[in-house]
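J.: Can you keep this structure in mind? I'll have questions shortly.
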Amino acid sequence: MSDDKSTIGEGNSMSGEGTSMSDEDKGTVTPAEPEDAASPGRADKAADKPLGVLAAAIAAAPPPWWHWRRLRRLARARWTPVVAAAVAGVLLGGTGVAWQAEAGPFREERACWGALGEDDVADLFHGKRDIESSEVGVSRDSIASDGPSGLCELKSPRGMRVRAQLHRLDDRFGGDRDKWADEYLSARMVPLGGGLLGMVSDTRAWLAIPEGCIGRPGERDGPLVIDMEAGWTTYDDDVDTDERARLARTVVKLVNGYMADQGCDSPIGDPTDRLAEPARFIDEKRDAICGIKGLALPGKGVGGRYDRPLVTKDTKDAPVRTCDRDVLFGHPSLRLMTVEDPRLAVLYKGLSFDGGSEVTAVGDTKKESRGRGFLREDTGMYQASCQTGDVTFLIRADDDGHAAEIRRLLPRYVALEAERVGCGPLRVRMPS
């Protein structure tokens, strides 16, 4: 991505919370005065001008600074490196957000690291063009070796906001395995299809940068992805398919823009025609929890917190199968999830060593094992080595009130799901 440090304009907080500004902070852009305006007699001469001339001057005043056309003219201005650095310092010191000359609507109305044109942004915002764009340019952390990262935010004055992020999925300390997985591997998501590693709903979208462009990550590294969020992740099967299509098109354009910057000349096509129908709540039966025939809890009927779960649409391209219950603020109270794609299963490799009592597979020896897992009061997990790569079987609750249920469900869940994905027969032993 461009390392152009020329910056101008105002930034917005990337935290999603509004940042209040005083009237002085909201200064307007004043057109430059003529070179001879400093002459002592100029002010008196201006006062003598007819009122119609002054009205015409006011009418000819430039539009607000956030207007696309105004930004275009500002982008064409020639800034010396010293002046540009000074302006950048003022902006970053006041807001912490850079408005970059090639990464917003400044040059040819391109936003989000130069990947989105004005028409692309207008499509995302239902035809509206008065959209603010702020971002942190793509960079690489040479200390932590986390790979490239960047942030972009598009904001409408009517309140709609879309945020995009480029980052490598983190497998440490439960970071991406928890909050990111809650939102971006939820049952409301459907796969982008076409061999792509990515999913989309009407509030979330994510897509991994193809390995053919950037190479295969390390054995313990998650994929490099661009993800987008545009509102709450809700527990609802009423999905706005038009909004979903807009997010799908946009995340593909963002990935194509990044690949072009890396010198890859095989852009990804529009995925909207192949998106599956949204998932729907299922009427759960006593012996088919989460729609998995043969998975049951003794003494548990249908109803209460086990009423009508939302389950990922059954498609061959889905990298995960997720069953969510009682989602609140994007976090399910109970989740049963099978991570079938080994590129995502790597996110849980470290978690298999994360405390709890060890879960092993029947037939394991000290020299050879099918995988490893653990059991805690709030989590049961087993990651198996299958012919297609690692597959993760996970049952997770938001508190320890489900401990007995997790213990009962995990062995049968692993056996049935392993059979479904072609990794069976697989039986696990629970700790005493």
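Scheme for the structure tokens: letters A, B, ... for chains in order shown; per-chain residue numbers from 1; ligand numbers from 1 in order shown.
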What lies within 6 Å of Pro342 in chain A using only C-alpha atoms, ignoring chain neighbours under 2 positions off, as a ChimeraX atom specification?
T.: /A:344-345,389-390
J.: Store the residues picked out above in a file with all heavy atoms, as a short mmCIF file (atom, residue, chain, number, x, y, z; two decimals), in the first residue's frame.
T.:
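The resulting file, selection_32.cif, is shown below:
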data_model
loop_
_atom_site.label_atom_id
_atom_site.label_comp_id
_atom_site.auth_asym_id
_atom_site.auth_seq_id
_atom_site.Cartn_x
_atom_site.Cartn_y
_atom_site.Cartn_z
N LEU A 344 -8.75 -22.48 9.52
CA LEU A 344 -9.38 -21.87 10.68
C LEU A 344 -9.16 -22.69 11.94
O LEU A 344 -9.08 -22.15 13.04
CB LEU A 344 -10.88 -21.70 10.44
CG LEU A 344 -11.32 -20.60 9.48
CD1 LEU A 344 -12.84 -20.58 9.38
CD2 LEU A 344 -10.80 -19.24 9.92
N ALA A 345 -9.08 -24.01 11.80
CA ALA A 345 -8.88 -24.87 12.96
C ALA A 345 -7.58 -24.54 13.68
O ALA A 345 -7.45 -24.77 14.89
CB ALA A 345 -8.90 -26.34 12.54
N GLY A 389 -6.78 -32.58 7.26
CA GLY A 389 -6.12 -31.62 8.15
C GLY A 389 -6.82 -31.60 9.49
O GLY A 389 -7.71 -32.42 9.77
N ASP A 390 -6.46 -30.67 10.33
CA ASP A 390 -7.05 -30.59 11.66
C ASP A 390 -8.51 -30.13 11.59
O ASP A 390 -8.87 -29.24 10.81
CB ASP A 390 -6.27 -29.60 12.53
CG ASP A 390 -4.92 -30.13 12.96
OD1 ASP A 390 -4.71 -31.36 12.85
OD2 ASP A 390 -4.07 -29.33 13.38
#
J.: Write out as a list in words each polymer residue whose atoms come within 12 Å of Ala404 in chain A, counting only C-alpha atoms; drop sequence neighbours fewer than 4 positions from it.
T.: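 Using only C-alpha atoms, the neighbours found are Leu297, Pro298, Leu375, Arg376, Glu377, Asp378, Thr379, Gly380, Ile395, Ala397, Asp399, Asp400, Arg408, Leu409 and Leu410 of chain A.
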J.: CA of Arg420 in chain A and CA of Val311 in chain A are how many Å apart?
T.: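 Atom-to-atom, CA of Arg420 in chain A to CA of Val311 in chain A, that is 15.3 Å.
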J.: Considering only C-alpha atoms, state which residue in the set A:Met228, A:Ala384, A:Val255, A:Ala403 is at the smallest distance from Glu417 in chain A.
T.: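 For Glu417 in chain A, the nearest of the given residues is A:Ala384.
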J.: Show me, as a PyMOL selection string, the residues that have an atom within 8 Å of Leu416 in chain A when counting only C-alpha atoms, minus same-chain residues fewer than 2 positions from it.
T.: chain A and resi 292+294-295+412-414+418-420
J.: What is the distance between CA of Asp178 in chain A and CA of Val421 in chain A, in Å to one decimal?
T.: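 Rounded to one decimal, the two atoms are 23.3 Å apart.
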J.: List every residue of range 168-221 of chain A that DSSP, applied to the backbone of this structure, places in strand (DSSP E or B), and write the result as a VMD selection string.
T.: chain A and resid 168 190 to 191 198 to 200 204 to 208
J.: Could you list, as an mmCIF file with N, CA, C and O atoms, in the first residue's frame, every residue within 7 Å of Ala230 in chain A, counting only C-alpha atoms and ignoring same-chain residues fewer than 4 positions away?
T.:
data_model
loop_
_atom_site.group_PDB
_atom_site.id
_atom_site.type_symbol
_atom_site.label_atom_id
_atom_site.label_comp_id
_atom_site.auth_asym_id
_atom_site.auth_seq_id
_atom_site.Cartn_x
_atom_site.Cartn_y
_atom_site.Cartn_z
ATOM 1 N N ARG A 161 -22.449 3.291 9.911
ATOM 2 C CA ARG A 161 -20.995 3.207 9.941
ATOM 3 C C ARG A 161 -20.565 1.803 9.533
ATOM 4 O O ARG A 161 -21.160 0.809 9.949
ATOM 5 N N VAL A 162 -19.535 1.725 8.710
ATOM 6 C CA VAL A 162 -18.962 0.444 8.295
ATOM 7 C C VAL A 162 -17.467 0.500 8.583
ATOM 8 O O VAL A 162 -16.799 1.471 8.212
ATOM 9 N N ARG A 163 -16.963 -0.524 9.236
ATOM 10 C CA ARG A 163 -15.544 -0.572 9.577
ATOM 11 C C ARG A 163 -14.916 -1.813 8.967
ATOM 12 O O ARG A 163 -15.473 -2.903 9.036
ATOM 13 N N THR A 203 -24.643 -8.126 8.480
ATOM 14 C CA THR A 203 -23.914 -7.222 9.369
ATOM 15 C C THR A 203 -22.422 -7.512 9.428
ATOM 16 O O THR A 203 -21.667 -6.717 9.986
ATOM 17 N N ARG A 204 -21.979 -8.639 8.887
ATOM 18 C CA ARG A 204 -20.576 -9.029 8.952
ATOM 19 C C ARG A 204 -20.138 -9.647 7.625
ATOM 20 O O ARG A 204 -20.942 -10.269 6.925
#
J.: Between CA of Cys152 in chain A and CA of Ala248 in chain A, what is the spacing in Å?
T.: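 A separation of 16.5 Å between them.
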J.: Could you tell me which of A:Ala208, A:Val225, A:Cys386, A:Val252 comes closest to Arg370 in chain A if we count only C-alpha atoms?
T.: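 Of the candidates, the smallest distance to Arg370 in chain A is held by A:Cys386.
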J.: Which of these residues is nearest to Arg246 in chain A, using only C-alpha atoms: A:Ala122, A:Leu151, A:Leu310, A:Met259?
T.: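 Comparing A:Ala122, A:Leu151, A:Leu310, A:Met259 against Arg246 in chain A, the winner is A:Ala122.
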J.: From a backbone DSSP assignment, name each residue in range 134-272 of chain A labelled helix (DSSP H, G or I), as a VMD selection string.
T.: chain A and resid 175 to 184 211 to 214 241 to 261 272
J.: Now that the selection is made, can you save its residues with C-alpha atoms as a PDB file, in the first residue's frame?
T.:
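Heads up, here's the output in again.pdb:
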ATOM      1  CA  GLY A 175      -8.240 -13.483  21.241  1.00  0.00           C
ATOM      2  CA  ASP A 176      -9.687 -14.293  17.831  1.00  0.00           C
ATOM      3  CA  ARG A 177     -11.018 -17.641  18.992  1.00  0.00           C
ATOM      4  CA  ASP A 178     -13.445 -15.830  21.269  1.00  0.00           C
ATOM      5  CA  LYS A 179     -14.779 -12.442  20.139  1.00  0.00           C
ATOM      6  CA  TRP A 180     -13.871 -12.771  16.455  1.00  0.00           C
ATOM      7  CA  ALA A 181     -15.314 -16.274  16.244  1.00  0.00           C
ATOM      8  CA  ASP A 182     -18.471 -15.177  18.067  1.00  0.00           C
ATOM      9  CA  GLU A 183     -19.186 -12.585  15.404  1.00  0.00           C
ATOM     10  CA  TYR A 184     -17.621 -13.898  12.200  1.00  0.00           C
ATOM     11  CA  GLU A 211      -2.622 -18.134  -0.374  1.00  0.00           C
ATOM     12  CA  GLY A 212      -1.845 -18.178  -4.094  1.00  0.00           C
ATOM     13  CA  CYS A 213      -1.132 -14.454  -3.799  1.00  0.00           C
ATOM     14  CA  ILE A 214       0.656 -14.101  -0.462  1.00  0.00           C
ATOM     15  CA  THR A 241     -30.130 -10.289   1.588  1.00  0.00           C
ATOM     16  CA  ASP A 242     -29.579  -6.953  -0.176  1.00  0.00           C
ATOM     17  CA  GLU A 243     -27.374  -5.715   2.669  1.00  0.00           C
ATOM     18  CA  ARG A 244     -25.601  -9.060   2.652  1.00  0.00           C
ATOM     19  CA  ALA A 245     -24.868  -8.705  -1.069  1.00  0.00           C
ATOM     20  CA  ARG A 246     -23.458  -5.189  -0.551  1.00  0.00           C
ATOM     21  CA  LEU A 247     -21.065  -6.410   2.115  1.00  0.00           C
ATOM     22  CA  ALA A 248     -20.038  -9.421   0.010  1.00  0.00           C
ATOM     23  CA  ARG A 249     -19.204  -7.226  -2.991  1.00  0.00           C
ATOM     24  CA  THR A 250     -17.299  -4.762  -0.846  1.00  0.00           C
ATOM     25  CA  VAL A 251     -15.144  -7.255   1.039  1.00  0.00           C
ATOM     26  CA  VAL A 252     -14.165  -8.845  -2.292  1.00  0.00           C
ATOM     27  CA  LYS A 253     -13.168  -5.421  -3.652  1.00  0.00           C
ATOM     28  CA  LEU A 254     -11.075  -4.762  -0.563  1.00  0.00           C
ATOM     29  CA  VAL A 255      -9.269  -8.077  -0.980  1.00  0.00           C
ATOM     30  CA  ASN A 256      -8.791  -7.451  -4.703  1.00  0.00           C
ATOM     31  CA  GLY A 257      -7.305  -4.047  -3.890  1.00  0.00           C
ATOM     32  CA  TYR A 258      -4.837  -5.578  -1.448  1.00  0.00           C
ATOM     33  CA  MET A 259      -3.868  -8.311  -3.911  1.00  0.00           C
ATOM     34  CA  ALA A 260      -3.322  -5.777  -6.688  1.00  0.00           C
ATOM     35  CA  ASP A 261      -1.006  -3.863  -4.392  1.00  0.00           C
ATOM     36  CA  THR A 272     -23.332 -12.553  -4.751  1.00  0.00           C
TER      37      THR A 272
END
J.: Show me, as a list in words, the residues that have an atom within 8 Å of Cys112 in chain A when counting only C-alpha atoms, minus same-chain residues fewer than 3 positions from it.
T.: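 Listed by chain and then number, they are Ala103, Gly104, Ala115, Leu116, Ser133, Ser134, Glu135, Leu151, Cys152, Glu153, Ala164 and Leu254 of chain A.
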